Amino acid sequence: MEMKDQKLVVIIGGGLAGMSSAIEAFLSASKAASSNENIMVKLLDKEPRLGGNSAKASSGINGVGTKTQVQYGVTDSIDLFSADTVKSGKGLSNQVLVNKLVGDSKDAVEWLQSFFELDLDVLAQLGGHSAKRTHRRPDLPDGRPQPVGFGITSTLSKWLTSTSEKSNGRLSIEVNSKVKKILKDENGKVNGIVYTANGTDTEVTLPVSAIILATGGFGGESGDPEHSVFLKKYASDYLGLPTTNGQFATGDGIFLGQGVGADTVDLDQVQVHPTGFVSSKDPNSKTKFLAAEALRGEGGLLLNGLGKRFVNELGTRDAVTDSIWKHCSTHTTSANALHKDNNNQSLPNKFSASRAYLVLSKEAAKKFGGGALGFYAKMGLMNKSESLEDLASSIGVNVDVLRNELLKYELAKHSLIKDPFGKSVFPASVFDTEFTPKQLDSLSKALKSEEKLEKVLESQMSEFVDKDGKSSLLNGEYYWGVITPSIHYTMGGLKFNDKAQVLNQNGAAVSGLFAAGEVTGGLHGANRLGGNSLLECVVYGREAGRQSVSYASKL
């Protein structure tokens, strides 16, 4: 049989969304070849290597009903996951897009686990989630960490590279290649791109049948306020804040889509993640290493400069960030003074010197994984204290205040008091040893008195004395770092539908144009849940891959 004319699907952007798109497009094109379709797939990225911001992801990928959830007996449901996502979005999330994300989440996680043999068998409950549904990788047997984002992106990148080498040109990858413009015909169908190939300045015009935009968001603009476009126009208050994004995240795909009539949505919705690490080696750096949300998901606490909690650590990202701005910018604390960011002086007052301490107990650290903590320590991001006294001294707070604060947390964990910040999930004890029944009974009786809580705590100190006459509450290891809110994700972008088609201002599909990942808008609304970004990349990346090949095959 004679093959039909050659057709080309181009994916622009090589993060997880782009790679998922390319893989699914290639697999779909391979099936189409049996029907005499001759569809080629090309992946372009302006950076020297694939991965994008996806490679930095550290908390995991969400999934409901996965074999891992079943293995650990987790109670969860599609409806619960959907409700959590919509609640986080504060009424701005498109329910149809959410339904697709959540409904395909099991298949997305298990695709990574089965097709690529990725071990995603550690579960955590992150902020804003009602169940343990965020999957990440365990440490290796020798203790080395396996960062989930890097693990996924490097695995998919290797698959693409290996497959392209033996595909007889049906799959190709070009890095250092920046797309300048999308072309369309007189009927409004996209039919080409103009790009600079392989690091040169020479512009190449390439005819195409379909395009997938997977170029990410514009959070990297914060590091270069002078040349900012989207942040300056839609979220100028955040200009100058540190960012966890690579400098490559400049909204390229939004520009490209707008050039062929694509509509946008929610460009003013920018997520400031509560916990970007302040490095002791370079505290004034405008690019922050993300303190994984899983650190709090496994029991990490947030303390202000007085050594006191001020928020439900498992609240949504926007809620935790707002609390840091509210409670951690008014005190002259060692965290603020030691890590003062001179570049922040032009920011609004509520953003100035907003620093907090992230503290993990020995149990929380074990749950999170020693390998990753060791990596953070080598990077100058986390420190280890050998006792509560050592911790108090290191962060410059009164040890009695700190002890009582942790004791109140432990009382809430044992349901003896209500947590003042509404926390209902307590992943780990904050002390080295669990309370004995006798200690709990004594505390319970004392709490029924009319005395104020602080006096009750002081009166019970004799219950916590070890054989050497020292307070047992002062024992134990602690791991801590300084964190600050940092621009992390841009919820707004190109308007699209659940078939990954990019829409114009009339709500109709821009013929031949698809999109996936952070370049799109309307899914996450006003606030994205942790673990939904990697999920979005896989779910909508694969959908874009399938739909683009289906579209091209009908031309």
# chains A, B, ... in the order shown; residues from 1 in each chain; ligands from 1
>>> residues_around(residues="Ala526 in chain A", least_positions_apart="2", cutoff="12 Å", atoms="only C-alpha atoms", output="ChimeraX atom specification")
/A:85-94,265-272,316-319,489-492,521-524,528-529
>>> residues_around(residues="Lys423 in chain A", least_positions_apart="6", cutoff="8 Å", atoms="only C-alpha atoms", output="short mmCIF file (atom, residue, chain, number, x, y, z; two decimals) with N, CA and C atoms, in the first residue's frame")
data_model
loop_
_atom_site.label_atom_id
_atom_site.label_comp_id
_atom_site.auth_asym_id
_atom_site.auth_seq_id
_atom_site.Cartn_x
_atom_site.Cartn_y
_atom_site.Cartn_z
N ASN A 312 -1.92 26.43 60.12
CA ASN A 312 -2.05 25.00 59.83
C ASN A 312 -1.09 24.69 58.68
N GLU A 313 -0.07 23.94 58.99
CA GLU A 313 0.97 23.67 57.99
C GLU A 313 0.43 22.92 56.78
N LEU A 314 -0.72 22.28 56.92
CA LEU A 314 -1.32 21.54 55.81
C LEU A 314 -2.47 22.30 55.17
#
>>> closest_residue(among="A:Ser177, A:Gln95, A:Ser415, A:Gln146", to="Ala197 in chain A", atoms="only C-alpha atoms")
A:Ser177
>>> atom_distance(atom1="CA of Val102 in chain A", atom2="CA of Ile78 in chain A")
6.3 Å
>>> decode(residues="range 170-235 of chain A", atoms="C-alpha atoms", output="compact mmCIF listing (two decimals), in the first residue's frame")
# COMPACT_ATOMS: atom_id res chain seq x y z
CA ARG A 170 9.63 9.43 12.71
CA LEU A 171 10.57 10.96 16.08
CA SER A 172 13.13 13.75 16.41
CA ILE A 173 14.33 16.06 19.17
CA GLU A 174 15.95 19.46 18.76
CA VAL A 175 17.25 21.44 21.74
CA ASN A 176 18.63 25.00 21.71
CA SER A 177 15.80 25.70 19.29
CA LYS A 178 13.47 28.63 19.96
CA VAL A 179 10.15 29.06 18.17
CA LYS A 180 9.57 32.67 17.13
CA LYS A 181 6.18 32.48 15.46
CA ILE A 182 3.29 30.18 14.59
CA LEU A 183 1.92 30.44 11.05
CA LYS A 184 -1.63 29.80 9.87
CA ASP A 185 -3.39 29.60 6.52
CA GLU A 186 -6.23 31.73 5.16
CA ASN A 187 -8.75 29.48 6.93
CA GLY A 188 -7.15 29.97 10.33
CA LYS A 189 -5.52 26.54 10.55
CA VAL A 190 -2.00 26.46 11.95
CA ASN A 191 0.33 25.27 9.22
CA GLY A 192 3.87 26.18 10.19
CA ILE A 193 6.40 27.62 12.59
CA VAL A 194 9.38 29.92 12.35
CA TYR A 195 12.23 28.96 14.66
CA THR A 196 15.95 29.25 15.22
CA ALA A 197 17.50 25.80 15.14
CA ASN A 198 20.28 24.27 17.20
CA GLY A 199 21.52 27.42 18.87
CA THR A 200 21.96 29.45 15.70
CA ASP A 201 20.35 32.79 14.82
CA THR A 202 19.22 31.49 11.46
CA GLU A 203 15.44 31.39 11.18
CA VAL A 204 13.89 28.27 9.69
CA THR A 205 10.32 28.01 8.41
CA LEU A 206 8.87 24.55 8.96
CA PRO A 207 5.49 23.38 7.59
CA VAL A 208 3.43 21.50 10.20
CA SER A 209 0.08 19.76 10.48
CA ALA A 210 -0.48 20.30 14.21
CA ILE A 211 1.25 22.03 17.11
CA ILE A 212 1.29 21.31 20.83
CA LEU A 213 2.33 24.18 23.10
CA ALA A 214 3.98 22.93 26.30
CA THR A 215 6.24 25.86 27.12
CA GLY A 216 5.36 26.37 30.78
CA GLY A 217 4.34 29.53 32.62
CA PHE A 218 5.87 32.94 33.27
CA GLY A 219 7.07 32.64 36.87
CA GLY A 220 10.67 33.11 35.77
CA GLU A 221 9.92 36.75 34.92
CA SER A 222 10.23 37.64 38.61
CA GLY A 223 13.98 37.24 38.42
CA ASP A 224 14.15 39.86 35.67
CA PRO A 225 11.56 42.57 36.53
CA GLU A 226 12.95 44.98 33.93
CA HIS A 227 11.96 42.67 31.08
CA SER A 228 8.81 41.27 32.65
CA VAL A 229 5.64 41.35 30.56
CA PHE A 230 2.94 39.23 32.17
CA LEU A 231 3.87 39.75 35.82
CA LYS A 232 4.25 43.48 35.27
CA LYS A 233 0.84 43.69 33.60
CA TYR A 234 -1.22 41.26 35.65
CA ALA A 235 0.49 40.78 39.04
